[in-house]
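Trainee: Pasting model-v4.txt here (compact mmCIF, C-alpha atoms):
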```txt
# COMPACT_ATOMS: atom_id res chain seq x y z
CA ALA K 300 8.43 26.17 8.15
CA GLY K 301 7.02 22.89 9.45
CA GLY K 302 9.41 22.95 12.44
CA GLY K 303 8.37 26.50 13.29
CA ALA K 304 4.67 25.56 13.19
CA SER K 305 5.21 22.56 15.49
CA THR K 306 7.18 24.74 17.95
CA ALA K 307 4.30 27.25 18.04
CA ALA K 308 1.86 24.40 18.69
CA VAL K 309 4.00 23.11 21.57
CA LYS K 310 4.13 26.62 23.08
CA ALA K 311 0.33 26.87 22.84
CA GLU K 312 -0.03 23.49 24.60
CA ASP K 313 2.37 24.65 27.35
CA LYS K 314 0.02 27.55 28.06
CA LEU K 315 -2.88 25.24 29.01
CA PHE K 316 -2.17 25.83 32.70
CA ASP K 317 -0.72 29.31 32.39
CA ALA K 318 -0.47 31.35 35.61
CA GLN K 319 -2.79 34.02 34.18
CA THR K 320 -5.49 31.44 33.48
CA VAL K 321 -5.38 30.14 37.04
CA ALA K 322 -5.31 33.72 38.37
CA THR K 323 -8.78 34.31 36.87
CA PHE K 324 -10.04 31.47 39.10
CA GLY K 325 -8.51 33.30 42.06
CA ILE K 326 -10.59 36.41 41.30
CA ALA K 327 -13.75 34.26 41.18
CA LEU K 328 -12.87 32.53 44.47
CA VAL K 329 -12.32 35.86 46.25
CA ALA K 330 -15.66 37.25 45.01
CA MET K 331 -17.75 34.06 45.48
CA GLY K 332 -20.86 34.28 47.62
CA GLU K 333 -20.81 38.08 47.75
CA GLU K 334 -23.05 40.15 45.47
CA PHE K 335 -20.99 43.36 45.16
CA GLY K 336 -17.73 41.45 44.85
CA ALA K 337 -19.24 39.45 41.96
CA GLN K 338 -20.17 42.67 40.15
CA MET K 339 -16.63 44.02 40.51
CA ALA K 340 -15.20 40.68 39.34
CA HIS K 341 -17.36 40.93 36.19
CA ARG K 342 -15.77 44.32 35.48
CA SER K 343 -12.29 42.77 35.85
CA PHE K 344 -13.26 39.90 33.53
CA GLY K 345 -14.39 42.46 30.93
CA HIS K 346 -10.94 44.09 31.05
CA MET K 347 -9.26 40.69 30.67
CA LEU K 348 -11.34 39.85 27.60
CA GLN K 349 -10.53 43.23 26.08
CA TYR K 350 -6.83 43.56 26.91
CA GLY K 351 -5.65 40.13 28.13
CA ASP K 352 -3.77 37.53 26.10
CA VAL K 353 -5.14 34.17 24.94
CA SER K 354 -4.43 32.30 28.19
CA ALA K 355 -6.34 34.88 30.27
CA ARG K 356 -9.28 34.88 27.81
CA ARG K 357 -9.55 31.08 28.06
CA GLY K 358 -9.81 31.24 31.83
CA VAL K 359 -12.50 33.95 32.00
CA PRO K 360 -15.52 31.75 30.99
CA LEU K 361 -14.58 29.09 33.57
CA ALA K 362 -14.06 31.78 36.23
CA VAL K 363 -17.57 33.14 35.48
CA GLY K 364 -18.93 29.59 35.84
CA LEU K 365 -17.12 29.21 39.18
CA LEU K 366 -18.42 32.58 40.39
CA HIS K 367 -22.06 31.83 39.49
CA ALA K 368 -22.29 28.04 39.97
CA SER K 369 -26.02 27.12 39.97
CA VAL K 370 -26.94 30.85 40.02
CA PRO K 371 -28.04 31.73 36.44
CA LYS K 372 -27.70 35.52 36.62
CA GLN K 373 -28.57 37.31 33.37
CA GLU K 374 -25.22 39.10 32.97
CA ALA K 375 -23.30 35.81 33.36
CA VAL K 376 -25.49 33.95 30.84
CA ASP K 377 -25.21 36.85 28.33
CA LEU K 378 -21.41 36.97 28.59
CA LEU K 379 -21.03 33.19 28.20
CA SER K 380 -23.49 33.13 25.30
CA LYS K 381 -21.35 35.73 23.49
CA LEU K 382 -18.09 33.85 24.20
CA SER K 383 -19.55 30.50 23.10
CA HIS K 384 -19.21 31.67 19.46
CA ASP K 385 -15.56 32.74 19.92
CA PRO K 386 -13.22 31.78 17.04
CA ASP K 387 -10.76 30.31 19.60
CA VAL K 388 -12.02 26.74 20.12
CA PRO K 389 -10.85 26.28 23.77
CA THR K 390 -12.52 29.60 24.73
CA ALA K 391 -15.79 28.54 23.06
CA THR K 392 -15.60 25.10 24.72
CA ASN K 393 -14.99 26.62 28.16
CA SER K 394 -17.89 29.04 27.64
CA ILE K 395 -20.30 26.23 26.78
CA LEU K 396 -19.28 24.16 29.82
CA ALA K 397 -19.40 27.23 32.09
CA MET K 398 -22.93 27.96 30.84
CA GLY K 399 -23.93 24.46 31.93
CA LEU K 400 -22.34 25.04 35.35
CA VAL K 401 -24.05 28.44 35.78
CA GLY K 402 -27.44 26.85 35.13
CA ALA K 403 -26.59 23.54 36.85
CA GLY K 404 -29.67 21.88 38.34
CA THR K 405 -31.94 24.88 37.68
CA ASN K 406 -33.63 23.83 34.39
CA ASN K 407 -33.24 27.51 33.42
CA SER K 408 -35.17 28.01 30.16
CA ARG K 409 -32.84 30.71 28.82
CA VAL K 410 -29.73 28.57 29.26
CA ALA K 411 -31.60 25.57 27.79
CA ASN K 412 -32.54 27.60 24.65
CA ASN K 413 -28.93 28.79 24.26
CA LEU K 414 -27.58 25.24 24.53
CA ARG K 415 -30.14 23.90 22.02
CA ALA K 416 -29.09 26.63 19.56
CA LEU K 417 -25.41 25.76 20.14
CA ALA K 418 -26.10 22.05 19.54
CA SER K 419 -27.36 22.82 16.03
CA TYR K 420 -24.62 25.44 15.44
CA TYR K 421 -21.82 22.98 16.33
CA SER K 422 -23.51 19.87 14.89
CA LYS K 423 -20.47 19.16 12.66
CA GLU K 424 -17.87 19.73 15.43
CA ALA K 425 -17.69 16.55 17.53
CA GLY K 426 -15.69 17.99 20.46
CA LEU K 427 -17.80 21.12 20.85
CA LEU K 428 -21.02 19.13 20.44
CA PHE K 429 -19.91 16.83 23.27
CA ALA K 430 -19.28 19.92 25.42
CA VAL K 431 -22.85 21.08 24.70
CA ARG K 432 -24.23 17.67 25.75
CA VAL K 433 -22.24 17.77 29.00
CA ALA K 434 -23.56 21.30 29.67
CA GLN K 435 -27.14 20.14 29.01
CA GLY K 436 -26.62 17.28 31.47
CA LEU K 437 -25.42 19.74 34.12
CA LEU K 438 -28.38 22.06 33.45
CA HIS K 439 -30.90 19.28 34.12
CA ALA K 440 -28.91 17.63 36.96
CA GLY K 441 -31.14 15.47 39.13
CA LYS K 442 -34.13 16.61 37.03
CA GLY K 443 -33.74 20.03 38.61
CA LEU K 444 -33.43 18.82 42.20
CA LEU K 445 -29.64 19.17 42.58
CA GLY K 446 -27.44 22.25 42.70
CA PHE K 447 -23.65 22.67 42.73
CA ASN K 448 -22.55 25.37 45.12
CA ALA K 449 -19.72 25.86 47.60
CA TYR K 450 -21.91 27.96 49.91
CA HIS K 451 -24.79 26.89 52.16
CA SER K 452 -26.82 28.24 55.11
CA GLY K 453 -28.13 31.16 53.11
CA ARG K 454 -24.81 31.58 51.22
CA ALA K 455 -23.12 32.40 54.54
CA VAL K 456 -20.97 29.28 55.15
CA PHE K 457 -18.30 28.04 52.74
CA CYS K 458 -17.90 24.28 52.29
CA PRO K 459 -14.19 23.50 51.59
CA ASN K 460 -14.93 20.12 49.98
CA ALA K 461 -17.43 21.62 47.52
CA GLY K 462 -15.08 24.53 46.78
CA ALA K 463 -12.21 22.14 46.12
CA ALA K 464 -14.41 20.07 43.78
CA LEU K 465 -15.36 23.14 41.73
CA VAL K 466 -11.77 24.41 41.49
CA THR K 467 -10.55 20.92 40.52
CA LEU K 468 -13.16 20.75 37.77
CA MET K 469 -12.04 24.15 36.45
CA HIS K 470 -8.45 22.86 36.10
CA VAL K 471 -9.66 19.66 34.41
CA LEU K 472 -11.72 21.65 31.90
CA LEU K 473 -8.66 23.73 30.93
CA ASP K 474 -7.49 20.65 29.00
CA PHE K 475 -10.90 19.49 27.77
CA LYS K 476 -9.47 18.04 24.56
CA GLY K 477 -6.69 16.06 26.25
CA LEU K 478 -8.53 14.89 29.37
CA ILE K 479 -12.32 14.78 28.82
CA LEU K 480 -12.18 13.93 25.10
CA GLY K 481 -9.27 11.59 25.87
CA LYS K 482 -9.24 8.69 28.33
CA HIS K 483 -9.95 10.64 31.53
CA HIS K 484 -13.60 11.66 31.09
CA TYR K 485 -14.37 10.17 34.52
CA LEU K 486 -12.70 13.25 36.06
CA LEU K 487 -16.05 15.03 35.55
CA TYR K 488 -17.37 12.99 38.49
CA VAL K 489 -15.29 15.15 40.87
CA LEU K 490 -18.20 17.60 40.68
CA ILE K 491 -20.39 15.32 42.80
CA ALA K 492 -18.56 16.55 45.93
CA ALA K 493 -20.21 19.96 45.36
CA ALA K 494 -23.74 18.56 44.80
CA ALA K 495 -26.46 19.55 47.26
CA PRO K 496 -30.28 19.20 47.24
CA ARG K 497 -32.18 22.30 46.09
CA MET K 498 -35.36 21.27 47.92
CA LEU K 499 -36.40 21.82 51.53
CA ILE K 500 -37.40 18.61 53.31
CA THR K 501 -38.58 18.67 56.93
CA VAL K 502 -38.29 15.64 59.22
CA ASP K 503 -39.09 14.99 62.88
CA GLU K 504 -36.58 14.01 65.57
CA GLU K 505 -36.81 10.38 64.48
CA LEU K 506 -35.95 11.45 60.90
CA LYS K 507 -39.41 10.60 59.58
CA PRO K 508 -40.94 12.93 56.95
CA LEU K 509 -42.97 15.72 58.58
CA PRO K 510 -44.99 17.88 56.15
CA VAL K 511 -45.46 21.43 57.50
CA SER K 512 -46.55 24.75 56.00
CA VAL K 513 -43.71 27.08 54.99
CA ARG K 514 -43.62 30.53 53.42
CA VAL K 515 -41.31 30.72 50.39
CA GLY K 516 -40.33 34.11 48.96
CA THR K 517 -37.49 36.22 47.64
CA ALA K 518 -34.69 36.64 50.19
CA VAL K 519 -34.13 40.13 51.64
CA ASP K 520 -30.80 41.29 53.08
CA ILE K 521 -31.61 42.23 56.71
CA VAL K 522 -28.04 42.61 58.01
CA GLY K 523 -27.74 45.67 60.24
CA LEU K 524 -31.47 46.48 60.23
CA ALA K 525 -33.08 47.36 63.59
CA GLY K 526 -35.97 45.42 65.12
CA LYS K 527 -37.34 42.25 63.51
CA PRO K 528 -37.53 42.99 59.76
CA LYS K 529 -39.08 40.45 57.39
CA SER K 530 -36.42 38.21 55.83
CA ILE K 531 -38.52 37.37 52.72
CA THR K 532 -40.83 39.31 50.43
CA GLY K 533 -43.57 38.30 47.99
CA PHE K 534 -43.99 34.93 49.68
CA GLN K 535 -46.35 32.03 48.94
CA THR K 536 -47.34 29.32 51.40
CA HIS K 537 -46.45 25.74 50.47
CA GLN K 538 -46.43 22.33 52.13
CA THR K 539 -43.01 20.68 52.47
CA PRO K 540 -41.16 19.20 50.63
CA VAL K 541 -40.72 22.31 48.46
CA LEU K 542 -38.20 23.35 45.79
CA LEU K 543 -36.21 26.53 46.47
CA GLY K 544 -34.81 28.77 43.70
CA HIS K 545 -31.37 30.38 43.98
CA GLU K 546 -32.89 33.65 45.28
CA ASP K 547 -35.57 32.03 47.48
CA ARG K 548 -35.68 31.68 51.24
CA ALA K 549 -38.15 29.77 53.40
CA GLU K 550 -39.56 30.25 56.90
CA LEU K 551 -42.08 28.25 58.93
CA ALA K 552 -45.66 29.51 58.61
CA THR K 553 -46.62 28.61 62.21
CA ASP K 554 -44.93 28.32 65.62
CA GLU K 555 -46.03 24.70 66.11
CA TYR K 556 -42.51 23.38 65.39
CA LEU K 557 -39.03 24.75 66.07
CA PRO K 558 -36.25 24.13 63.48
CA LEU K 559 -32.87 22.90 64.76
CA HIS K 560 -31.14 25.16 62.24
CA SER K 561 -31.62 28.87 61.64
CA THR K 562 -31.63 28.59 57.82
CA LEU K 563 -34.30 26.42 56.21
CA GLU K 564 -32.67 24.58 53.30
CA GLY K 565 -31.88 20.96 52.50
CA PHE K 566 -32.92 18.52 55.25
CA ILE K 567 -34.22 20.25 58.39
CA ILE K 568 -35.07 18.53 61.70
CA LEU K 569 -38.09 19.98 63.52
CA LYS K 570 -39.09 19.52 67.14
CA LYS K 571 -42.40 20.33 68.84
CA ASN K 572 -42.64 23.78 70.36
CA PRO K 573 -43.57 23.19 74.07
CA GLU K 574 -45.02 26.72 74.33
CA TYR K 575 -47.23 26.43 71.23
CA VAL K 576 -50.96 26.96 71.79
CA ALA K 577 -53.23 25.82 68.98
CA PRO K 578 -55.71 28.49 67.80
CA ALA K 579 -59.22 27.94 69.15
CA LYS K 580 -61.65 26.47 66.61
CA GLU K 581 -64.92 28.33 66.18
```
What is this file in structure tokens?

Mentor:
Amino acid sequence: AGGGASTAAVKAEDKLFDAQTVATFGIALVAMGEEFGAQMAHRSFGHMLQYGDVSARRGVPLAVGLLHASVPKQEAVDLLSKLSHDPDVPTATNSILAMGLVGAGTNNSRVANNLRALASYYSKEAGLLFAVRVAQGLLHAGKGLLGFNAYHSGRAVFCPNAGAALVTLMHVLLDFKGLILGKHHYLLYVLIAAAAPRMLITVDEELKPLPVSVRVGTAVDIVGLAGKPKSITGFQTHQTPVLLGHEDRAELATDEYLPLHSTLEGFIILKKNPEYVAPAKE
């Protein structure tokens, strides 16, 4: 009986990097950065959780984390919160870490409350408690000034280095017990290749800070619309530097300066507009 049990354990270990597990990451990669694709991927993940075997179930939480890195959508947080109490320990561990990745750098209060509840729930389980602490560290990355995302320029351009870092981290987390809880915890640092500032900082052509007024509001999809539609709605005017949420977009409030990039995010160089005429003072 003992031999049979050890054989079963070996088979379970062999399935750490099962093809089905890695295939779930493929679905997330295909749907990344695209709203409707992400919704369809969620439907596929639901089918996998319902009908898939153990190896596919273990990959789903990490795939959700990859799909929504630093974008704490409600449906993703709800799914991961449910899976974080799964009786299968690797599935629960992956869900906790994915929840940290989904909220990475956002200080999202809902994710923070979930992780605090999980810390007390798993207070006697050392491995799972460590996973909660790692997730809390990701949630408050850079005190809320850093995000981890493979897309930039208004989620239009894919950064291969950042994408590779996220996919590498997913494979590392598949063997959380052997690698992170073992002697290879430094592999978590691979994530730094996907880090990017969440704030908008404007500088002049000599790279000196240049505070200007910007309008920050919720981004609107204007692809295919005629004329010059507004790209943001419900905006507020702020002085740079300013922090941008995952659904926010910024535009300059005046024509005094011209940006050298069409999308205002991260570090933006501004140059004087030669055709700008200051409004007459009364």

Trainee: Could you give me, as JSON lines, every segment 425-454 of chain K residue with an atom at most 9 Å from segment 557-571 of chain K, plus its closest atom pair and distance in Å to one decimal, counting only C-alpha atoms, rows ordered by chain then number?

Mentor:
```
{"residue": "K:His451", "atom": "CA", "partner": "K:Glu564", "partner_atom": "CA", "distance": 8.3}
{"residue": "K:Ser452", "atom": "CA", "partner": "K:Thr562", "partner_atom": "CA", "distance": 5.5}
{"residue": "K:Gly453", "atom": "CA", "partner": "K:Thr562", "partner_atom": "CA", "distance": 6.4}
```

Trainee: What's the separation between atom CA of Leu445 of chain K and atom CA of Leu486 of chain K, in Å to one decimal place?

Mentor: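 Computed distance, atom CA of Leu445 of chain K to atom CA of Leu486 of chain K, equals 19.1 Å.
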
Trainee: Could you list, as a PyMOL selection string, every residue within 12 Å of segment 473-485 of chain K, counting all atoms listed in the file and ignoring same-chain residues fewer than 3 positions away?

Mentor: chain K and resi 311-317+320-321+324+354-362+388-397+425-430+433+466-470+488-491

Trainee: List the spatial neighbours of Ala440 of chain K as a PyMOL selection string - criterion: any atom at most 10 Å away, all atoms listed in the file, same-chain residues fewer than 3 positions off excluded.

Mentor: chain K and resi 399+402-406+434-437+443-447+494

Trainee: For segment 446-452 of chain K, what centre and edge lengths in Å (one decimal) does the axis-aligned box get once 6 Å is added on each side of all its listed atoms, as AutoDock Vina command-line options?

Mentor:
```
--center_x -23.6 --center_y 25.2 --center_z 48.9 --size_x 19.7 --size_y 18.0 --size_z 24.4
```

Trainee: Kindly provide, as a list in words, the polymer residues lying within 8 Å of (-14.5, 37.4, 33.7), counting only C-alpha atoms and using the coordinates exactly as they appear in the file.

Mentor: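 Residues found, by chain and rising number: Thr323, Ala340, His341, Arg342, Ser343, Phe344, Gly345, Met347, Leu348, Gly358, Val359, Pro360, Ala362 and Val363 of chain K.
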
Trainee: Counting only C-alpha atoms, what is within 12 Å of Pro573 of chain K, bar same-chain residues fewer than 4 positions away, as an NGL selection string?

Mentor: :K and (554-557 or 577)

Trainee: What does the distance from atom CA of Leu509 of chain K to atom CA of His537 of chain K come to in Å, to one decimal?

Mentor: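 Calculated distance between atom CA of Leu509 of chain K and atom CA of His537 of chain K is 13.4 Å.
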
Trainee: Using atom CA of Ser408 of chain K and atom CA of Leu379 of chain K as the two end points, give the distance in Å to one decimal.

Mentor: 15.2 Å

Trainee: Hey, which of K:Asn460, K:Gln538, K:Asn448, K:Ser512 ends up closest to Leu365 of chain K? Count all atoms listed in the file.

Mentor: K:Asn448

Trainee: Nearest residue to Ala418 of chain K out of K:Ala495, K:Leu487, K:Met398, K:Val431, using only C-alpha atoms?

Mentor: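 Smallest separation from Ala418 of chain K among the options: K:Val431.
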
Trainee: Using all atoms listed in the file for the distances, tell me which of K:Thr553, K:Ala449, K:His367, K:Leu378 is nearest to Glu334 of chain K.

Mentor: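 For Glu334 of chain K, the nearest of the candidates is K:His367.
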
Trainee: Taking only C-alpha atoms into account, which of K:Leu465, K:Lys423, K:Met339, K:Glu333 comes nearest Ala368 of chain K?

Mentor: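 Nearest to Ala368 of chain K: K:Leu465.
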
Trainee: Please complete segment 554-571 of chain K with N, CA and C atoms and give it back as an mmCIF file, in the coordinates of the input.

Mentor:
```
data_model
loop_
_atom_site.group_PDB
_atom_site.id
_atom_site.type_symbol
_atom_site.label_atom_id
_atom_site.label_comp_id
_atom_site.auth_asym_id
_atom_site.auth_seq_id
_atom_site.Cartn_x
_atom_site.Cartn_y
_atom_site.Cartn_z
ATOM 1 N N ASP K 554 -45.889 28.547 64.523
ATOM 2 C CA ASP K 554 -44.930 28.320 65.620
ATOM 3 C C ASP K 554 -45.058 26.937 66.223
ATOM 4 N N GLU K 555 -45.776 26.036 65.538
ATOM 5 C CA GLU K 555 -46.030 24.700 66.110
ATOM 6 C C GLU K 555 -44.731 23.909 66.270
ATOM 7 N N TYR K 556 -43.795 24.111 65.343
ATOM 8 C CA TYR K 556 -42.510 23.380 65.390
ATOM 9 C C TYR K 556 -41.351 24.372 65.423
ATOM 10 N N LEU K 557 -40.248 23.933 66.021
ATOM 11 C CA LEU K 557 -39.030 24.750 66.070
ATOM 12 C C LEU K 557 -37.948 24.053 65.229
ATOM 13 N N PRO K 558 -37.324 24.762 64.277
ATOM 14 C CA PRO K 558 -36.250 24.130 63.480
ATOM 15 C C PRO K 558 -34.959 24.079 64.302
ATOM 16 N N LEU K 559 -34.149 23.033 64.062
ATOM 17 C CA LEU K 559 -32.870 22.900 64.760
ATOM 18 C C LEU K 559 -31.750 23.644 64.016
ATOM 19 N N HIS K 560 -32.113 24.350 62.965
ATOM 20 C CA HIS K 560 -31.140 25.160 62.240
ATOM 21 C C HIS K 560 -31.803 26.473 61.855
ATOM 22 N N SER K 561 -31.033 27.549 61.887
ATOM 23 C CA SER K 561 -31.620 28.870 61.640
ATOM 24 C C SER K 561 -32.013 29.085 60.176
ATOM 25 N N THR K 562 -31.331 28.426 59.243
ATOM 26 C CA THR K 562 -31.630 28.590 57.820
ATOM 27 C C THR K 562 -32.354 27.354 57.304
ATOM 28 N N LEU K 563 -33.514 27.555 56.706
ATOM 29 C CA LEU K 563 -34.300 26.420 56.210
ATOM 30 C C LEU K 563 -33.885 26.102 54.774
ATOM 31 N N GLU K 564 -33.044 25.088 54.615
ATOM 32 C CA GLU K 564 -32.670 24.580 53.300
ATOM 33 C C GLU K 564 -32.150 23.164 53.461
ATOM 34 N N GLY K 565 -32.301 22.359 52.420
ATOM 35 C CA GLY K 565 -31.880 20.960 52.500
ATOM 36 C C GLY K 565 -32.777 20.173 53.442
ATOM 37 N N PHE K 566 -32.171 19.334 54.280
ATOM 38 C CA PHE K 566 -32.920 18.520 55.250
ATOM 39 C C PHE K 566 -32.917 19.238 56.602
ATOM 40 N N ILE K 567 -34.094 19.513 57.130
ATOM 41 C CA ILE K 567 -34.220 20.250 58.390
ATOM 42 C C ILE K 567 -34.987 19.395 59.406
ATOM 43 N N ILE K 568 -34.406 19.265 60.610
ATOM 44 C CA ILE K 568 -35.070 18.530 61.700
ATOM 45 C C ILE K 568 -35.911 19.519 62.506
ATOM 46 N N LEU K 569 -37.171 19.147 62.746
ATOM 47 C CA LEU K 569 -38.090 19.980 63.520
ATOM 48 C C LEU K 569 -38.436 19.295 64.830
ATOM 49 N N LYS K 570 -38.593 20.084 65.882
ATOM 50 C CA LYS K 570 -39.090 19.520 67.140
ATOM 51 C C LYS K 570 -40.302 20.319 67.590
ATOM 52 N N LYS K 571 -41.171 19.685 68.359
ATOM 53 C CA LYS K 571 -42.400 20.330 68.840
ATOM 54 C C LYS K 571 -42.064 21.530 69.711
#
```
